[in-house]
Structures are given as structure tokens and as C-alpha cells.
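With mmCIF, C-alpha atoms inside, this is start10.cif:
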data_upload
#
loop_
_atom_site.label_atom_id
_atom_site.label_comp_id
_atom_site.auth_asym_id
_atom_site.auth_seq_id
_atom_site.Cartn_x
_atom_site.Cartn_y
_atom_site.Cartn_z
CA MET A 1 -1.64 -15.83 -0.66
CA SER A 2 1.38 -17.83 -1.61
CA ASP A 3 3.97 -18.71 1.01
CA LYS A 4 6.62 -18.04 -1.60
CA LYS A 5 8.59 -14.86 -1.06
CA ILE A 6 9.61 -12.82 -4.08
CA ILE A 7 13.15 -11.49 -3.86
CA LYS A 8 14.75 -9.38 -6.57
CA SER A 9 17.80 -7.15 -6.75
CA ASN A 10 17.43 -3.38 -6.80
CA SER A 11 18.40 -3.48 -10.47
CA GLU A 12 15.65 -6.00 -11.25
CA TRP A 13 13.05 -3.89 -9.41
CA LYS A 14 14.20 -0.76 -11.28
CA ASP A 15 13.67 -2.58 -14.58
CA LEU A 16 10.10 -3.55 -13.61
CA LEU A 17 8.84 -0.36 -11.92
CA THR A 18 8.44 3.29 -12.83
CA PRO A 19 10.79 5.65 -10.98
CA GLU A 20 7.96 6.71 -8.64
CA GLU A 21 6.87 3.12 -7.97
CA TYR A 22 10.47 2.18 -7.22
CA HIS A 23 10.99 5.15 -4.89
CA VAL A 24 7.80 4.45 -2.92
CA THR A 25 7.90 0.66 -2.77
CA ARG A 26 11.63 -0.08 -2.56
CA GLU A 27 12.99 3.11 -0.91
CA LYS A 28 10.03 3.68 1.47
CA GLY A 29 9.05 6.93 -0.20
CA THR A 30 5.72 8.71 0.01
CA GLU A 31 3.84 10.30 -2.85
CA LYS A 32 2.42 13.79 -2.35
CA PRO A 33 -1.16 13.81 -1.04
CA PHE A 34 -4.00 14.25 -3.55
CA THR A 35 -1.72 13.29 -6.48
CA GLY A 36 -1.86 9.49 -6.69
CA GLN A 37 -3.96 7.59 -9.18
CA PHE A 38 -6.27 6.02 -6.58
CA TRP A 39 -6.71 8.58 -3.78
CA ASP A 40 -10.26 9.45 -4.92
CA SER A 41 -11.03 6.44 -7.14
CA LYS A 42 -14.49 4.93 -6.80
CA LYS A 43 -13.83 2.00 -9.15
CA GLU A 44 -14.71 -1.45 -7.84
CA GLY A 45 -12.19 -4.23 -7.70
CA THR A 46 -9.20 -5.64 -5.90
CA TYR A 47 -6.19 -3.50 -5.06
CA GLN A 48 -3.00 -5.47 -5.59
CA CYS A 49 0.67 -4.89 -4.86
CA THR A 50 2.19 -3.05 -7.81
CA CYS A 51 5.40 -5.06 -7.42
CA CYS A 52 4.17 -8.64 -7.18
CA GLY A 53 0.41 -8.66 -7.75
CA SER A 54 -0.58 -9.96 -4.32
CA ASP A 55 -4.19 -9.14 -3.39
CA LEU A 56 -4.16 -6.52 -0.64
CA PHE A 57 -7.44 -4.58 -0.29
CA LEU A 58 -10.98 -4.70 -1.68
CA SER A 59 -12.60 -1.54 -3.00
CA ASN A 60 -15.56 -2.01 -0.64
CA THR A 61 -13.20 -1.40 2.33
CA LYS A 62 -11.91 1.88 0.83
CA PHE A 63 -13.11 5.14 2.36
CA ASP A 64 -12.47 8.87 2.02
CA SER A 65 -10.17 9.72 4.91
CA GLY A 66 -9.59 13.30 3.71
CA THR A 67 -5.83 12.71 3.77
CA GLY A 68 -5.20 12.54 0.02
CA TRP A 69 -4.10 8.91 -0.02
CA PRO A 70 -6.15 5.77 -0.64
CA SER A 71 -7.42 4.57 2.72
CA PHE A 72 -8.88 1.21 3.66
CA TYR A 73 -10.26 -0.09 6.96
CA ALA A 74 -9.09 -3.70 6.47
CA PRO A 75 -6.84 -5.82 4.25
CA ILE A 76 -8.26 -8.76 2.30
CA ASP A 77 -6.24 -11.11 4.49
CA LYS A 78 -3.94 -10.02 7.31
CA SER A 79 -1.38 -12.57 6.15
CA ASN A 80 -0.95 -10.64 2.87
CA ILE A 81 0.60 -7.69 4.72
CA GLU A 82 3.09 -7.18 7.52
CA CYS A 83 3.01 -4.34 10.02
CA ILE A 84 6.32 -3.18 11.45
CA SER A 85 7.35 -0.32 13.74
CA ASP A 86 8.62 2.78 11.93
CA ASP A 87 10.46 5.30 14.11
CA ASN A 88 11.63 7.58 11.27
CA TYR A 89 11.06 11.35 11.22
CA GLY A 90 10.84 11.68 14.99
CA MET A 91 7.54 9.81 15.36
CA THR A 92 6.43 6.25 15.90
CA ARG A 93 4.16 4.83 13.24
CA THR A 94 3.29 1.38 11.97
CA GLU A 95 4.55 0.69 8.46
CA VAL A 96 2.57 -1.63 6.18
CA ILE A 97 4.50 -3.81 3.75
CA CYS A 98 3.56 -6.55 1.30
CA SER A 99 4.30 -9.90 2.93
CA THR A 100 5.16 -11.48 -0.41
CA CYS A 101 7.76 -9.05 -1.80
CA GLY A 102 8.47 -6.61 1.04
CA ALA A 103 7.18 -3.56 -0.85
CA HIS A 104 6.51 -0.48 1.27
CA LEU A 105 2.78 0.21 0.98
CA GLY A 106 2.15 2.95 3.55
CA HIS A 107 1.16 3.10 7.21
CA VAL A 108 -1.75 2.03 9.41
CA PHE A 109 -3.33 4.31 12.02
CA THR A 110 -5.98 3.78 14.71
CA ASP A 111 -8.29 6.59 13.59
CA GLY A 112 -10.30 4.69 10.98
CA PRO A 113 -14.00 3.89 10.75
CA LYS A 114 -15.94 0.92 12.03
CA PRO A 115 -15.82 -2.00 11.98
CA THR A 116 -12.03 -2.07 12.58
CA GLY A 117 -11.19 1.48 13.68
CA LEU A 118 -8.10 1.23 11.46
CA ARG A 119 -6.97 3.41 8.57
CA TYR A 120 -4.55 1.75 6.19
CA CYS A 121 -3.11 4.83 4.47
CA ILE A 122 -1.57 3.43 1.29
CA ASN A 123 0.39 5.06 -1.54
CA SER A 124 -1.25 4.78 -4.98
CA ALA A 125 2.20 4.01 -6.41
CA SER A 126 2.18 0.82 -4.31
CA LEU A 127 -1.08 -0.36 -5.83
CA LYS A 128 -2.65 -1.54 -9.04
CA LEU A 129 -6.39 -2.10 -9.41
CA LYS A 130 -7.85 -5.29 -10.81
CA SER A 131 -11.34 -4.10 -11.79
CA ILE A 132 -14.41 -6.24 -11.40
#
Translate the structure described by the file into C-alpha cells.
Amino acid sequence: MSDKKIIKSNSEWKDLLTPEEYHVTREKGTEKPFTGQFWDSKKEGTYQCTCCGSDLFLSNTKFDSGTGWPSFYAPIDKSNIECISDDNYGMTRTEVICSTCGAHLGHVFTDGPKPTGLRYCINSASLKLKSI
């Protein structure tokens, strides 16, 4: 991961992203379950941030959580993401964002499989897949 932060204006992000990608990554939106491109994908590769291309998750850490969103039990490198408290909607969750560009990715929960026990529940609109 690069230590260089990517900062763009809302207008610049809108020019680079689809409306759904912009809503999810820049406005902290959530796609509907079972609708995203990667929720049931079995393709091998590296999942990257759709905004900046940072490597986030490997396909071999992806699992079927039954939630309708891509779920992973570990990031490639913890320094590639940031976890921050999210108290919206009357509940406390942990939001996952890209540490390079600040894109909203999804949330992490403590009900995942071994070896970490974590479930990184990530929006497909926040991801692009670099196939092997």
C-alpha cells in the first residue's frame, strides 16, 4: 500500500464513478442484498477498491455468509483499510473504509468464520476484481 492519500472533489468522483458506485463509496450508501456483481462470485483474484485500485481482499478469504453481500474473513493487509465506529440508524457498527481514498466499503462484524471470526461485509459497488 502507498502512504499517499488520494483526495478528490465530489465532482471529480462523480466523473469517475457510476451513480451507484458514487452513492455507495462517497455517500456511505448500501446496495440491496443479492444484487451486487460479486455477492456470489467464485472467480479467483484480488478485490480492489473501485475508487482508487488499492488491494483490499483476496478471493481465497471470501465466503458465503448468506447475507447477500460479498463477505471476507480478512483483508490483504490491515493497513489498506480503516475501521471506524458507525452509530447511524440506531445501532453501533464498525464501518470499513479504504485507507487510501476514504471510500466507504461496508462494515465488519464479529460473526465470521475461523481463523479470524470476522465478517467483512462489503458492497460490490465498492469493489473491482483483478482476476488471476
I want to know what sits within 9 Å of Phe109 in chain A, based on only C-alpha atoms, with residues of the same chain fewer than 2 positions away left out; could you give that as a list of chain:residue names?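 Counting only C-alpha atoms, the residues come to A:Arg93, A:Thr94, A:His107, A:Asp111, A:Gly112, A:Gly117, A:Leu118, A:Arg119, A:Tyr120, A:Cys121.
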Could you please take those selected residues and save C-alpha atoms as a PDB file, in the coordinates of the input?
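Below you can see part11.pdb, which holds the result:
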ATOM      1  CA  ARG A  93       4.160   4.830  13.240  1.00  0.00           C
ATOM      2  CA  THR A  94       3.290   1.380  11.970  1.00  0.00           C
ATOM      3  CA  HIS A 107       1.160   3.100   7.210  1.00  0.00           C
ATOM      4  CA  ASP A 111      -8.290   6.590  13.590  1.00  0.00           C
ATOM      5  CA  GLY A 112     -10.300   4.690  10.980  1.00  0.00           C
ATOM      6  CA  GLY A 117     -11.190   1.480  13.680  1.00  0.00           C
ATOM      7  CA  LEU A 118      -8.100   1.230  11.460  1.00  0.00           C
ATOM      8  CA  ARG A 119      -6.970   3.410   8.570  1.00  0.00           C
ATOM      9  CA  TYR A 120      -4.550   1.750   6.190  1.00  0.00           C
ATOM     10  CA  CYS A 121      -3.110   4.830   4.470  1.00  0.00           C
TER      11      CYS A 121
END
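Relative to CA of Cys101 in chain A, CA of Thr25 in chain A is found at 9.8 Å.
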Apply the PyMOL selection byres ((chain A and resi 55) around 10) to the structure shown and report the selected residues as a PyMOL selection string. chain A and resi 1+46-50+52-54+56-58+75-77+80-81+98+127-130
Using all atoms listed in the file: which of A:Gly29, A:Ser11, A:Lys43, A:Leu16 has the shortest distance to Asn88 in chain A: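 Ranking A:Gly29, A:Ser11, A:Lys43, A:Leu16 by distance to Asn88 in chain A, first place goes to A:Gly29.
Closest approach to His104 in chain A from the set A:Asp64, A:Glu27, A:Glu44, A:Asp86 is made by A:Glu27, with distances taken over only C-alpha atoms.
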Add whatever atoms are absent from range 40-51 of chain A to reach all heavy atoms, and provide the output as an mmCIF file, in the coordinates of the input.
data_model
loop_
_atom_site.group_PDB
_atom_site.id
_atom_site.type_symbol
_atom_site.label_atom_id
_atom_site.label_comp_id
_atom_site.auth_asym_id
_atom_site.auth_seq_id
_atom_site.Cartn_x
_atom_site.Cartn_y
_atom_site.Cartn_z
ATOM 1 N N ASP A 40 -8.812 9.171 -4.913
ATOM 2 C CA ASP A 40 -10.260 9.450 -4.920
ATOM 3 C C ASP A 40 -11.020 8.507 -5.862
ATOM 4 O O ASP A 40 -12.156 8.767 -6.218
ATOM 5 C CB ASP A 40 -10.535 10.899 -5.281
ATOM 6 C CG ASP A 40 -10.096 11.269 -6.693
ATOM 7 O OD1 ASP A 40 -9.339 10.488 -7.319
ATOM 8 O OD2 ASP A 40 -10.491 12.340 -7.176
ATOM 9 N N SER A 41 -10.399 7.390 -6.232
ATOM 10 C CA SER A 41 -11.030 6.440 -7.140
ATOM 11 C C SER A 41 -12.233 5.770 -6.482
ATOM 12 O O SER A 41 -12.186 5.382 -5.320
ATOM 13 C CB SER A 41 -10.027 5.366 -7.570
ATOM 14 O OG SER A 41 -10.667 4.402 -8.377
ATOM 15 N N LYS A 42 -13.286 5.622 -7.266
ATOM 16 C CA LYS A 42 -14.490 4.930 -6.800
ATOM 17 C C LYS A 42 -14.682 3.608 -7.545
ATOM 18 O O LYS A 42 -15.699 2.940 -7.379
ATOM 19 C CB LYS A 42 -15.724 5.808 -7.027
ATOM 20 C CG LYS A 42 -15.641 7.203 -6.431
ATOM 21 C CD LYS A 42 -15.915 7.196 -4.953
ATOM 22 C CE LYS A 42 -16.087 8.599 -4.399
ATOM 23 N NZ LYS A 42 -14.879 9.241 -3.983
ATOM 24 N N LYS A 43 -13.709 3.233 -8.369
ATOM 25 C CA LYS A 43 -13.830 2.000 -9.150
ATOM 26 C C LYS A 43 -13.828 0.787 -8.234
ATOM 27 O O LYS A 43 -13.129 0.757 -7.229
ATOM 28 C CB LYS A 43 -12.678 1.893 -10.147
ATOM 29 C CG LYS A 43 -12.747 2.914 -11.250
ATOM 30 C CD LYS A 43 -11.614 2.734 -12.231
ATOM 31 C CE LYS A 43 -11.692 3.799 -13.315
ATOM 32 N NZ LYS A 43 -10.540 3.704 -14.228
ATOM 33 N N GLU A 44 -14.617 -0.219 -8.611
ATOM 34 C CA GLU A 44 -14.710 -1.450 -7.840
ATOM 35 C C GLU A 44 -13.658 -2.453 -8.303
ATOM 36 O O GLU A 44 -13.316 -2.503 -9.480
ATOM 37 C CB GLU A 44 -16.102 -2.059 -7.984
ATOM 38 C CG GLU A 44 -17.192 -1.219 -7.350
ATOM 39 C CD GLU A 44 -18.548 -1.888 -7.436
ATOM 40 O OE1 GLU A 44 -18.614 -3.081 -7.779
ATOM 41 O OE2 GLU A 44 -19.539 -1.203 -7.144
ATOM 42 N N GLY A 45 -13.142 -3.202 -7.353
ATOM 43 C CA GLY A 45 -12.190 -4.230 -7.700
ATOM 44 C C GLY A 45 -11.288 -4.590 -6.532
ATOM 45 O O GLY A 45 -11.583 -4.286 -5.367
ATOM 46 N N THR A 46 -10.179 -5.201 -6.875
ATOM 47 C CA THR A 46 -9.200 -5.640 -5.900
ATOM 48 C C THR A 46 -7.915 -4.841 -6.090
ATOM 49 O O THR A 46 -7.370 -4.805 -7.195
ATOM 50 C CB THR A 46 -8.894 -7.146 -6.090
ATOM 51 O OG1 THR A 46 -10.113 -7.881 -5.947
ATOM 52 C CG2 THR A 46 -7.884 -7.642 -5.060
ATOM 53 N N TYR A 47 -7.466 -4.221 -5.024
ATOM 54 C CA TYR A 47 -6.190 -3.500 -5.060
ATOM 55 C C TYR A 47 -5.080 -4.487 -4.768
ATOM 56 O O TYR A 47 -5.117 -5.202 -3.770
ATOM 57 C CB TYR A 47 -6.189 -2.353 -4.041
ATOM 58 C CG TYR A 47 -7.052 -1.197 -4.492
ATOM 59 C CD1 TYR A 47 -8.395 -1.127 -4.154
ATOM 60 C CD2 TYR A 47 -6.519 -0.177 -5.275
ATOM 61 C CE1 TYR A 47 -9.182 -0.064 -4.574
ATOM 62 C CE2 TYR A 47 -7.302 0.887 -5.707
ATOM 63 C CZ TYR A 47 -8.631 0.932 -5.349
ATOM 64 O OH TYR A 47 -9.413 1.982 -5.775
ATOM 65 N N GLN A 48 -4.108 -4.526 -5.680
ATOM 66 C CA GLN A 48 -3.000 -5.470 -5.590
ATOM 67 C C GLN A 48 -1.683 -4.729 -5.429
ATOM 68 O O GLN A 48 -1.570 -3.550 -5.774
ATOM 69 C CB GLN A 48 -2.949 -6.311 -6.861
ATOM 70 C CG GLN A 48 -4.200 -7.119 -7.110
ATOM 71 C CD GLN A 48 -4.164 -7.825 -8.449
ATOM 72 O OE1 GLN A 48 -3.764 -7.255 -9.459
ATOM 73 N NE2 GLN A 48 -4.583 -9.081 -8.462
ATOM 74 N N CYS A 49 -0.678 -5.439 -4.965
ATOM 75 C CA CYS A 49 0.670 -4.890 -4.860
ATOM 76 C C CYS A 49 1.194 -4.620 -6.268
ATOM 77 O O CYS A 49 1.161 -5.493 -7.130
ATOM 78 C CB CYS A 49 1.580 -5.885 -4.138
ATOM 79 S SG CYS A 49 3.312 -5.357 -4.050
ATOM 80 N N THR A 50 1.669 -3.410 -6.491
ATOM 81 C CA THR A 50 2.190 -3.050 -7.810
ATOM 82 C C THR A 50 3.448 -3.826 -8.157
ATOM 83 O O THR A 50 3.762 -4.016 -9.328
ATOM 84 C CB THR A 50 2.424 -1.529 -7.900
ATOM 85 O OG1 THR A 50 2.491 -1.155 -9.264
ATOM 86 C CG2 THR A 50 3.677 -1.089 -7.193
ATOM 87 N N CYS A 51 4.160 -4.324 -7.174
ATOM 88 C CA CYS A 51 5.400 -5.060 -7.420
ATOM 89 C C CYS A 51 5.175 -6.526 -7.763
ATOM 90 O O CYS A 51 5.802 -7.050 -8.672
ATOM 91 C CB CYS A 51 6.324 -4.971 -6.210
ATOM 92 S SG CYS A 51 6.942 -3.323 -5.873
#
